[in-house]
Every structure is written in structure tokens, then in C-alpha cells.
file run13.cif (mmCIF, C-alpha atoms and all ligand atoms)
data_work
loop_
_atom_site.label_atom_id
_atom_site.label_comp_id
_atom_site.auth_asym_id
_atom_site.auth_seq_id
_atom_site.Cartn_x
_atom_site.Cartn_y
_atom_site.Cartn_z
CA MET X 1 -2.63 23.56 -6.83
CA THR X 2 -2.17 26.72 -8.89
CA ALA X 3 0.31 29.15 -7.37
CA ALA X 4 -0.98 32.64 -6.57
CA LEU X 5 0.34 35.59 -8.56
CA THR X 6 2.70 37.89 -6.70
CA SER X 7 2.02 41.13 -8.58
CA LEU X 8 -0.37 42.84 -10.98
CA SER X 9 2.40 43.00 -13.56
CA ASP X 10 2.76 39.18 -13.35
CA PHE X 11 -0.97 38.96 -14.03
CA ARG X 12 -0.69 41.25 -17.08
CA ALA X 13 2.32 39.35 -18.38
CA ALA X 14 0.62 35.95 -18.02
CA LEU X 15 -2.51 37.18 -19.77
CA THR X 16 -0.60 38.75 -22.65
CA ALA X 17 1.68 35.72 -23.15
CA ALA X 18 -1.12 33.12 -23.12
CA PRO X 19 -1.06 30.91 -26.23
CA GLY X 20 -3.86 30.97 -28.80
CA PRO X 21 -5.87 27.97 -29.98
CA ASP X 22 -4.20 24.95 -31.63
CA THR X 23 -4.52 25.71 -35.33
CA THR X 24 -3.93 22.08 -36.35
CA ALA X 25 -6.85 20.95 -34.18
CA THR X 26 -9.01 23.77 -35.56
CA ALA X 27 -8.20 22.75 -39.15
CA GLY X 28 -8.78 19.06 -38.35
CA ALA X 29 -12.14 19.84 -36.77
CA ALA X 30 -13.19 21.99 -39.73
CA GLU X 31 -12.28 19.15 -42.08
CA ARG X 32 -14.21 16.61 -40.00
CA ASN X 33 -17.20 18.95 -39.84
CA GLY X 34 -17.26 18.96 -43.65
CA VAL X 35 -17.74 15.17 -43.93
CA LEU X 36 -20.29 14.51 -41.17
CA THR X 37 -23.69 13.07 -42.13
CA LYS X 38 -25.65 16.31 -42.56
CA PRO X 39 -26.12 18.87 -45.30
CA PRO X 40 -23.29 21.45 -45.16
CA GLY X 41 -24.06 24.05 -42.50
CA ALA X 42 -27.22 22.26 -41.34
CA LEU X 43 -26.16 22.44 -37.68
CA GLY X 44 -25.82 26.21 -37.95
CA ARG X 45 -23.86 27.87 -35.16
CA LEU X 46 -23.32 24.51 -33.46
CA GLU X 47 -20.74 23.76 -36.16
CA ASP X 48 -18.71 26.91 -35.42
CA LEU X 49 -18.96 26.25 -31.70
CA ALA X 50 -17.58 22.73 -32.03
CA ILE X 51 -14.68 23.86 -34.22
CA TRP X 52 -13.86 26.72 -31.84
CA TYR X 53 -13.97 24.34 -28.86
CA ALA X 54 -11.77 21.81 -30.68
CA GLY X 55 -9.09 24.44 -31.28
CA TRP X 56 -8.93 25.45 -27.62
CA ARG X 57 -8.82 21.83 -26.43
CA GLY X 58 -6.16 20.85 -28.98
CA SER X 59 -8.16 17.94 -30.39
CA ALA X 60 -10.11 17.65 -33.65
CA ARG X 61 -12.56 15.35 -31.87
CA PRO X 62 -12.92 16.67 -28.33
CA GLU X 63 -15.32 15.83 -25.49
CA ILE X 64 -16.86 17.89 -22.70
CA SER X 65 -16.91 15.78 -19.56
CA SER X 66 -15.90 18.07 -16.68
CA PRO X 67 -17.42 21.56 -16.67
CA GLN X 68 -16.84 23.77 -13.65
CA VAL X 69 -19.13 26.57 -12.43
CA ILE X 70 -17.53 28.96 -9.92
CA ILE X 71 -19.59 31.53 -8.02
CA PHE X 72 -17.81 34.48 -6.40
CA ALA X 73 -19.51 36.75 -3.87
CA GLY X 74 -18.51 40.23 -2.71
CA ASN X 75 -20.00 43.24 -0.95
CA HIS X 76 -20.02 46.83 -2.20
CA GLY X 77 -19.69 50.05 -0.19
CA VAL X 78 -21.67 51.90 -2.84
CA THR X 79 -24.85 50.18 -1.63
CA ALA X 80 -24.98 52.90 1.08
CA ARG X 81 -26.18 55.25 -1.71
CA GLY X 82 -29.40 53.31 -2.28
CA VAL X 83 -28.46 51.87 -5.69
CA SER X 84 -30.08 48.45 -5.21
CA SER X 85 -33.62 47.38 -4.40
CA PHE X 86 -32.24 44.73 -2.00
CA PRO X 87 -30.19 45.20 1.19
CA PRO X 88 -26.50 44.18 1.20
CA GLU X 89 -27.01 41.39 3.77
CA VAL X 90 -28.67 39.38 0.97
CA THR X 91 -25.18 38.67 -0.44
CA ALA X 92 -24.16 36.57 2.59
CA GLN X 93 -27.62 35.04 2.88
CA MET X 94 -27.49 33.88 -0.74
CA VAL X 95 -24.02 32.41 -0.16
CA MET X 96 -25.60 30.21 2.53
CA ASN X 97 -28.30 29.29 0.05
CA PHE X 98 -25.62 28.30 -2.54
CA GLN X 99 -23.87 26.23 0.11
CA HIS X 100 -27.11 24.44 1.02
CA GLY X 101 -28.00 23.72 -2.61
CA GLY X 102 -31.11 25.92 -2.68
CA ALA X 103 -30.32 28.51 -5.36
CA ALA X 104 -31.12 28.44 -9.07
CA ILE X 105 -27.46 27.94 -9.95
CA ASN X 106 -27.29 24.75 -7.86
CA GLN X 107 -30.07 23.26 -9.97
CA LEU X 108 -28.68 24.56 -13.28
CA SER X 109 -25.16 23.32 -12.51
CA ARG X 110 -26.52 19.86 -11.71
CA ALA X 111 -28.64 19.87 -14.88
CA ALA X 112 -25.47 20.70 -16.86
CA GLY X 113 -23.37 18.01 -15.14
CA ALA X 114 -21.04 20.66 -13.74
CA GLN X 115 -18.97 20.81 -10.56
CA MET X 116 -20.01 23.95 -8.66
CA ASP X 117 -17.76 25.88 -6.26
CA VAL X 118 -18.55 28.96 -4.18
CA TYR X 119 -16.09 31.60 -2.92
CA ALA X 120 -17.36 34.29 -0.53
CA ILE X 121 -14.67 36.99 -0.55
CA GLU X 122 -14.36 39.09 2.61
CA LEU X 123 -18.09 39.76 2.83
CA ASP X 124 -17.65 41.57 6.13
CA ARG X 125 -15.20 43.98 4.47
CA PRO X 126 -17.16 45.67 1.64
CA THR X 127 -15.21 47.54 -1.02
CA ARG X 128 -15.06 51.29 -0.45
CA ASP X 129 -17.80 53.52 -1.85
CA PHE X 130 -16.19 54.38 -5.19
CA CYS X 131 -17.86 57.79 -5.27
CA GLU X 132 -15.43 58.71 -2.47
CA ALA X 133 -12.30 56.63 -3.01
CA PRO X 134 -11.04 53.77 -5.19
CA ALA X 135 -13.07 50.62 -4.46
CA MET X 136 -9.85 48.69 -3.78
CA ASP X 137 -6.17 49.30 -3.30
CA GLU X 138 -3.66 47.26 -5.29
CA ALA X 139 -3.26 44.62 -2.57
CA ASP X 140 -7.05 44.10 -2.40
CA LEU X 141 -7.25 43.80 -6.18
CA LEU X 142 -4.39 41.30 -6.36
CA ALA X 143 -5.92 39.22 -3.55
CA ALA X 144 -9.31 39.10 -5.31
CA LEU X 145 -7.74 38.31 -8.70
CA ASN X 146 -5.89 35.48 -6.98
CA VAL X 147 -9.09 34.03 -5.50
CA GLY X 148 -10.27 33.57 -9.08
CA TRP X 149 -6.88 32.60 -10.50
CA THR X 150 -6.39 29.77 -8.00
CA SER X 151 -10.02 28.55 -8.06
CA VAL X 152 -9.96 27.11 -11.58
CA ASN X 153 -9.77 23.31 -11.58
CA GLU X 154 -6.91 22.63 -14.01
CA GLN X 155 -8.64 19.38 -15.01
CA CYS X 156 -11.91 21.01 -16.04
CA ASP X 157 -12.72 21.27 -19.74
CA LEU X 158 -15.18 24.19 -19.62
CA LEU X 159 -15.57 27.09 -17.19
CA VAL X 160 -18.50 29.28 -16.15
CA THR X 161 -17.95 32.17 -13.75
CA GLY X 162 -20.92 33.58 -11.88
CA GLU X 163 -21.36 36.16 -9.13
CA MET X 164 -23.44 37.33 -6.21
CA GLY X 165 -23.09 40.87 -4.91
CA ILE X 166 -25.82 43.32 -4.01
CA GLY X 167 -24.91 46.60 -5.74
CA ASN X 168 -22.72 45.05 -8.39
CA THR X 169 -24.71 46.23 -11.42
CA THR X 170 -23.70 49.77 -10.37
CA SER X 171 -20.09 48.68 -10.38
CA ALA X 172 -20.49 46.93 -13.75
CA ALA X 173 -22.15 50.02 -15.26
CA ALA X 174 -19.30 52.23 -14.03
CA ILE X 175 -16.75 49.82 -15.51
CA ALA X 176 -18.55 49.86 -18.87
CA LEU X 177 -18.77 53.66 -18.87
CA ALA X 178 -15.07 53.99 -18.02
CA LEU X 179 -13.97 51.54 -20.70
CA PHE X 180 -16.38 52.35 -23.51
CA GLY X 181 -17.60 55.91 -22.91
CA GLY X 182 -21.02 57.33 -23.69
CA GLN X 183 -23.39 58.53 -20.97
CA ALA X 184 -23.93 56.93 -17.56
CA GLN X 185 -27.59 56.37 -18.51
CA ASP X 186 -26.51 54.19 -21.45
CA TRP X 187 -24.99 51.63 -19.07
CA THR X 188 -27.31 51.91 -16.07
CA GLY X 189 -30.21 49.49 -15.66
CA ARG X 190 -32.66 48.22 -13.07
CA GLY X 191 -30.44 45.52 -11.57
CA THR X 192 -32.53 43.54 -9.08
CA GLY X 193 -35.55 45.79 -9.74
CA LEU X 194 -35.14 49.56 -9.29
CA ASP X 195 -37.94 51.88 -10.39
CA ASP X 196 -37.31 54.84 -12.73
CA ALA X 197 -36.32 57.19 -9.89
CA GLY X 198 -33.91 54.57 -8.57
CA VAL X 199 -32.31 54.15 -11.99
CA ALA X 200 -31.89 57.94 -12.32
CA LEU X 201 -30.12 58.11 -8.95
CA LYS X 202 -27.97 55.11 -9.86
CA ALA X 203 -26.90 56.77 -13.14
CA GLN X 204 -25.76 59.85 -11.17
CA VAL X 205 -23.70 57.59 -8.91
CA VAL X 206 -22.15 55.88 -11.94
CA ALA X 207 -21.31 59.23 -13.57
CA GLN X 208 -19.82 60.61 -10.35
CA ALA X 209 -17.62 57.56 -9.81
CA VAL X 210 -16.21 57.56 -13.32
CA ALA X 211 -15.60 61.33 -13.20
CA LEU X 212 -13.66 60.88 -9.94
CA HIS X 213 -11.34 58.10 -11.13
CA HIS X 214 -11.32 58.02 -14.96
CA PRO X 215 -9.05 54.97 -14.93
CA LYS X 216 -6.68 54.40 -17.86
CA THR X 217 -6.19 50.61 -17.92
CA GLY X 218 -8.35 47.54 -17.56
CA LEU X 219 -6.82 46.59 -14.22
CA ASP X 220 -7.12 50.12 -12.87
CA THR X 221 -10.77 50.16 -13.91
CA LEU X 222 -11.27 46.92 -12.00
CA ARG X 223 -9.47 48.33 -8.95
CA THR X 224 -11.19 51.72 -8.77
CA LEU X 225 -14.73 50.78 -9.88
CA GLY X 226 -14.93 47.00 -9.46
CA GLY X 227 -15.65 44.68 -6.61
CA ARG X 228 -13.97 41.61 -5.20
CA GLU X 229 -16.30 39.14 -6.94
CA ILE X 230 -15.84 41.00 -10.24
CA ALA X 231 -12.05 40.89 -9.90
CA ALA X 232 -12.20 37.20 -8.97
CA MET X 233 -14.21 36.46 -12.13
CA ALA X 234 -11.55 38.33 -14.13
CA GLY X 235 -8.85 36.26 -12.42
CA ALA X 236 -10.60 32.98 -13.21
CA ILE X 237 -11.32 33.91 -16.84
CA ALA X 238 -7.66 34.91 -17.26
CA ARG X 239 -6.44 31.68 -15.66
CA ALA X 240 -8.67 29.70 -18.04
CA ARG X 241 -7.15 31.65 -20.96
CA VAL X 242 -3.65 30.62 -19.82
CA LEU X 243 -4.77 26.98 -19.44
CA SER X 244 -6.68 26.96 -22.80
CA ILE X 245 -9.92 26.12 -20.97
CA PRO X 246 -12.94 27.52 -22.87
CA VAL X 247 -15.23 29.87 -20.94
CA ILE X 248 -18.93 30.68 -21.22
CA LEU X 249 -19.60 34.24 -20.08
CA ASP X 250 -22.73 35.03 -18.09
CA GLY X 251 -24.63 38.31 -17.63
CA PHE X 252 -23.85 42.01 -17.30
CA ILE X 253 -21.49 41.76 -14.33
CA CYS X 254 -19.51 38.82 -15.67
CA CYS X 255 -19.11 40.65 -18.98
CA ALA X 256 -17.91 43.81 -17.19
CA ALA X 257 -15.19 41.70 -15.57
CA ALA X 258 -14.29 40.25 -18.97
CA ALA X 259 -14.20 43.75 -20.50
CA CYS X 260 -11.42 44.73 -18.07
CA LEU X 261 -9.33 41.83 -19.41
CA LEU X 262 -10.03 42.81 -23.01
CA ALA X 263 -8.77 46.31 -22.24
CA GLU X 264 -5.48 44.73 -21.12
CA SER X 265 -5.05 42.38 -24.10
CA GLY X 266 -6.98 42.23 -27.37
CA ALA X 267 -6.84 38.39 -27.40
CA ALA X 268 -7.83 37.96 -23.73
CA LEU X 269 -11.33 36.68 -24.51
CA ASP X 270 -10.64 34.53 -27.57
CA HIS X 271 -11.38 31.45 -25.44
CA ALA X 272 -14.77 32.82 -24.34
CA ILE X 273 -18.29 32.81 -25.77
CA ALA X 274 -21.40 34.58 -24.51
CA GLY X 275 -23.94 32.26 -22.86
CA HIS X 276 -26.87 34.67 -22.98
CA ALA X 277 -28.11 38.22 -23.25
CA SER X 278 -29.56 39.14 -19.89
CA ALA X 279 -32.53 41.46 -19.31
CA GLU X 280 -30.21 44.11 -17.84
CA ALA X 281 -30.76 46.85 -20.44
CA ALA X 282 -27.12 47.48 -21.33
CA HIS X 283 -26.02 43.86 -21.58
CA PRO X 284 -26.53 43.57 -25.36
CA ALA X 285 -24.43 46.72 -25.89
CA LEU X 286 -21.71 45.36 -23.63
CA LEU X 287 -21.71 42.05 -25.49
CA SER X 288 -21.31 43.85 -28.77
CA ARG X 289 -18.30 45.78 -27.36
CA LEU X 290 -16.80 42.39 -26.50
CA GLY X 291 -17.58 41.16 -30.02
CA LYS X 292 -19.71 38.30 -28.69
CA ALA X 293 -23.12 37.07 -29.92
CA PRO X 294 -25.17 35.46 -27.13
CA LEU X 295 -26.34 31.86 -27.45
CA LEU X 296 -29.57 32.41 -25.49
CA GLN X 297 -31.97 35.25 -24.81
CA LEU X 298 -34.40 34.13 -22.11
CA GLY X 299 -35.02 37.34 -20.18
CA LEU X 300 -32.89 36.15 -17.25
CA ARG X 301 -31.54 38.80 -14.88
CA LEU X 302 -30.40 36.63 -12.03
CA GLY X 303 -26.62 36.48 -12.33
CA GLU X 304 -25.09 33.53 -10.39
CA GLY X 305 -23.77 32.19 -13.73
CA SER X 306 -27.31 31.03 -14.54
CA GLY X 307 -27.48 31.91 -18.26
CA ALA X 308 -24.00 30.57 -18.91
CA ALA X 309 -24.77 27.34 -17.04
CA LEU X 310 -27.83 26.84 -19.26
CA ALA X 311 -25.63 27.34 -22.31
CA ILE X 312 -23.29 24.50 -21.22
CA ASN X 313 -25.75 21.99 -22.61
CA ILE X 314 -25.84 23.78 -25.96
CA LEU X 315 -22.07 23.60 -26.24
CA LYS X 316 -22.16 19.98 -25.06
CA GLY X 317 -24.69 19.25 -27.81
CA ALA X 318 -22.48 20.91 -30.42
CA VAL X 319 -19.41 18.94 -29.35
CA ALA X 320 -21.35 15.66 -29.01
CA CYS X 321 -22.61 15.97 -32.60
CA HIS X 322 -19.19 16.94 -33.90
CA SER X 323 -17.32 14.12 -32.19
CA GLY X 324 -19.98 11.42 -32.21
CA MET X 325 -21.58 11.63 -35.65
CA SER X 326 -20.61 9.29 -38.46
CA THR X 327 -19.02 10.57 -41.62
CA PHE X 328 -20.71 10.01 -45.00
CA ALA X 329 -18.13 7.29 -45.75
CA GLU X 330 -18.59 5.51 -42.39
CA ALA X 331 -22.39 5.50 -42.64
CA GLY X 332 -22.60 4.72 -46.34
CA VAL X 333 -24.71 7.83 -46.96
CA SER X 334 -24.44 9.46 -50.39
CA GLY X 335 -22.98 12.99 -50.51
CA SER X 336 -24.39 15.89 -52.51
O1 LIG D 1 -26.39 38.86 -14.67
C1 LIG D 1 -27.05 39.89 -14.86
O2 LIG D 1 -27.13 40.43 -15.98
C2 LIG D 1 -27.75 40.51 -13.66
C3 LIG D 1 -28.63 41.55 -13.86
C4 LIG D 1 -29.29 42.08 -12.75
C5 LIG D 1 -29.00 41.60 -11.46
N1 LIG D 1 -28.10 40.61 -11.30
C6 LIG D 1 -27.81 40.09 -9.92
O3 LIG D 1 -28.37 40.97 -8.96
C7 LIG D 1 -27.40 41.49 -8.08
C8 LIG D 1 -27.02 42.89 -8.46
O4 LIG D 1 -28.16 43.72 -8.63
P1 LIG D 1 -28.17 45.13 -7.90
O5 LIG D 1 -29.52 45.70 -8.24
O6 LIG D 1 -28.02 44.85 -6.44
O7 LIG D 1 -27.03 45.90 -8.48
C9 LIG D 1 -26.18 40.58 -8.21
O8 LIG D 1 -26.20 39.62 -7.17
C10 LIG D 1 -26.33 39.96 -9.58
O9 LIG D 1 -25.98 38.60 -9.55
C11 LIG D 1 -27.50 40.06 -12.37
C1 LIG D 2 -32.60 36.94 -3.90
C2 LIG D 2 -31.45 37.28 -4.84
C3 LIG D 2 -30.75 36.24 -5.49
C4 LIG D 2 -29.69 36.58 -6.34
N1 LIG D 2 -28.84 35.84 -7.06
C5 LIG D 2 -28.00 36.65 -7.69
N2 LIG D 2 -28.29 37.88 -7.38
C6 LIG D 2 -29.33 37.90 -6.55
C7 LIG D 2 -30.02 38.94 -5.91
C8 LIG D 2 -31.09 38.63 -5.07
C9 LIG D 2 -31.82 39.74 -4.39
#
call {"tool": "encode", "arguments": {"input": "run13.cif", "output": "C-alpha cells"}}
result
Amino acid sequence: MTAALTSLSDFRAALTAAPGPDTTATAGAAERNGVLTKPPGALGRLEDLAIWYAGWRGSARPEISSPQVIIFAGNHGVTARGVSSFPPEVTAQMVMNFQHGGAAINQLSRAAGAQMDVYAIELDRPTRDFCEAPAMDEADLLAALNVGWTSVNEQCDLLVTGEMGIGNTTSAAAIALALFGGQAQDWTGRGTGLDDAGVALKAQVVAQAVALHHPKTGLDTLRTLGGREIAAMAGAIARARVLSIPVILDGFICCAAAACLLAESGAALDHAIAGHASAEAAHPALLSRLGKAPLLQLGLRLGEGSGAALAINILKGAVACHSGMSTFAEAGVSGS
């Protein structure tokens, strides 16, 4: 089992020191891609995906056989301000639903052939209302990062992190505002279904929180404005980076977690792609700040890792073509 980190500086150091992709495998995969039985470029983005995946797995002809989907759940003190259209008890109720196999992500994980794990993190101890105080202290942040860090199956060959947390689009909007600037309205959306008046109130909450803390680093942004499930996603994505396990990012909240890592290290997300653009209004802008183009755009706004889980099969398709197709020479097909 993965050992827990003992300090935030250990976390930073591990993230910064993580190795990049295997350039020999990348070059080998690019060469193989050039001789497969198809017109050059005919598989479009699938070709780039397969070569990228090959580099991270250290093999010019890789396979995807063991994806892992991990769902983290947390509760948010800021829900007391009326920022969500659902009550906070839904977080724990949905955790039960995940555990009984009844949620969308259970079905999508099964359809993708993925192992699915669920971590409910101190649901009866919500983070503090970040309009009044930092959401977490350093010990809370480290504990939540460690839930994610230690949850990654070292044998998996692809990771999706998803979340459940009523109120967490407020937290994600505050993180985006703190890291990327602009106006609170630019990052504030409807979440589970607020009306216009609700969105206006939520934007005030987001502005107030960022004005109170204006954090200077990615980890301090996570601590002051984040939530436990958001920190756990960051911990898992970072652990995957250290283990060279490719990651598919999910919606607005998952990308806010990822953005905190990017603020710590410019190469922190090189092992990650964007599964989809969610219907949360600011998600496309957040993806562009991460430098990621989404694979899917289906109008999803569920969270739970749902869009990323759907994208597993696209990546599987890319890698299956890359590794399974015959070359022109093998198939006796004439080249151009
Ligand atoms: O993934 C997204 O882009 C997304 C967009 C809107 C809502 N959600 C989900 O809805 C919950 C947060 O919405 P809210 O309105 O309570 O902040 C949380 O459980 C998320 O998983 C997720
Ligand atoms: C029912 C429900 C399911 C969810 N799954 C992720 N976020 C959610 C929010 C609600 C409200």
C-alpha cells in the first residue's frame, strides 16, 4: 500500500520531481502510428491520444486493461449561505447510492470496464464556511490529500477522479477566481440548478471568499477555498503523475482541483487529458486555462466522474487501434 505523505512540502516535492513521459516509447509509438494500415492522420485525435498514452506507459504498443474510477465525497460549510439548489444531506445519501450501485457513475464505470472505489471523507465534519475562515487548516488539507494519494491502485493503467459534494461548484468557482482572476461572475454557474437570483448570490459569495483569503499558491488555494473531496482528487491526480498513470479529468470541480496542482508545477498535468466539457458555464474557460481540449461535449453537469468515465472508451479505442492494427507490410497493403 502507498505510504501517506507526512507534510505539504513532501507533497510539493513529490509533484515537482515526478518524471515525464518515456521519450523512447513516445518516439516508437509515433513511428508505429506512421506505418499502420490507414491513410496518414485518418484516425484524427485518436492517433495523438495513443502516442501520448504510450509515452506515459513506457511502451510503444500499450494496452488499457485496468482503469480505476475513484469517487470522493465531502461536505461544505458554505452551503449555509444558500449556494446550492439541493440540501447538503444529499452528499451522504448519494454516497449510499454509489455504494449500492444505483448512481450513473456505477453504470458508466461498468460500461467502461473500470474498477470503481468510493471515499466519503468526514461527511459529518463539513469544511468551514470560507466566507468566514479558511475552509481547512493544514492538517485537514494534508489528511484529504492523503485520502486521494493513497487511494490510487498502483496496478491501474488509467485513472478517473470524480466527486460528490453539495456546494462544491461554489468552491470550484472560488478556486478558479483565485488562480486565474477576472470577475466572480465569470466563474460562477448554476451548479445543480440555481436560478438567476441564486447565481447572483453565489457570485457574491465567491467574490467575498476570494477577497478574504487571496491565496498565493496552489495548495493554499486548495486549503482556503477547497473542500475535502477536491483536495482528495488533487492528491490522487498527483499520485498518478508520480506513478506515470494517465488521468482523464472530469467536470468543473475536478478541473478546479487539477488547476491547484498546475499552480504548483507547470508539468503537473502532463499525464492528464480532459474527458469532456460540462454544461457548467465556466468549464470551457477553465479547460482552456489548463491547456486541455475536451474529448466530449454532451451537456453533462452531473460530476461523479461521469464525463471522464465515458471518455475511457474513446481512449481504449485509440489504444486498441494503435496496438492492434496491422502495418502496411504485415497486411500486404500498398502504401501511398
Ligand atoms: O462536473 C461538473 O461540471 C458539475 C457541474 C454541476 C454540478 N455538479 C455536481 O453537483 C454538485 C455540486 O453542485 P452545487 O450546485 O451543489 O454546487 C456536486 O455533487 C457535483 O458533482 C458537477
Ligand atoms: C441527486 C444528485 C446527484 C449528484 N451526483 C453528483 N452530484 C449530484 C448532485 C445531486 C443533487
call {"tool": "closest_residue", "arguments": {"input": "run13.cif", "among": "X:Thr217, X:Gln115, X:Ser7, X:Asn106", "to": "Leu145 of chain X", "atoms": "all atoms listed in the file"}}
result
X:Ser7
call {"tool": "closest_residue", "arguments": {"input": "run13.cif", "among": "X:Ile51, X:Met164, X:Ala331, X:Val69", "to": "ligand LIG 1 (chain D)", "atoms": "all atoms listed in the file"}}
result
X:Met164
call {"tool": "closest_residue", "arguments": {"input": "run13.cif", "among": "X:Ala133, X:Leu142, X:Ala272, X:Ile64", "to": "Val78 of chain X", "atoms": "all atoms listed in the file"}}
result
X:Ala133
call {"tool": "closest_residue", "arguments": {"input": "run13.cif", "among": "X:Ala80, X:Ala111, X:Leu49, X:Leu298", "to": "Asn33 of chain X", "atoms": "all atoms listed in the file"}}
result
X:Leu49
call {"tool": "atom_distance", "arguments": {"input": "run13.cif", "atom1": "atom CA of Phe328 of chain X", "atom2": "atom CA of Gly34 of chain X"}}
result
9.7 Å
call {"tool": "closest_atom_pairs", "arguments": {"input": "run13.cif", "of": "chain X", "to": "ligand LIG 2 (chain D)", "cutoff": "9 Å", "atoms": "only C-alpha atoms and all ligand atoms", "output": "CSV"}}
result
residue,atom,partner,partner_atom,distance
X:Ser84,CA,D:LIG2,C9,8.9
X:Ser85,CA,D:LIG2,C9,7.8
X:Phe86,CA,D:LIG2,C9,5.5
X:Pro87,CA,D:LIG2,C9,8.0
X:Pro88,CA,D:LIG2,C9,8.9
X:Val90,CA,D:LIG2,C9,6.2
X:Thr91,CA,D:LIG2,C7,7.3
X:Gln93,CA,D:LIG2,C1,8.6
X:Met94,CA,D:LIG2,C3,6.2
X:Ala103,CA,D:LIG2,N1,7.7
X:Ala104,CA,D:LIG2,N1,8.0
X:Ile105,CA,D:LIG2,N1,8.5
X:Gly162,CA,D:LIG2,C5,8.8
X:Glu163,CA,D:LIG2,C5,6.8
X:Met164,CA,D:LIG2,C5,4.8
X:Gly165,CA,D:LIG2,N2,6.5
X:Ile166,CA,D:LIG2,C7,6.4
X:Gly191,CA,D:LIG2,C7,8.7
X:Thr192,CA,D:LIG2,C9,6.1
X:Gly193,CA,D:LIG2,C9,8.9
X:Arg301,CA,D:LIG2,N2,8.2
X:Leu302,CA,D:LIG2,C5,5.0
X:Gly303,CA,D:LIG2,C5,4.8
X:Glu304,CA,D:LIG2,C5,5.0
X:Gly305,CA,D:LIG2,C5,8.6
X:Ser306,CA,D:LIG2,C5,8.9
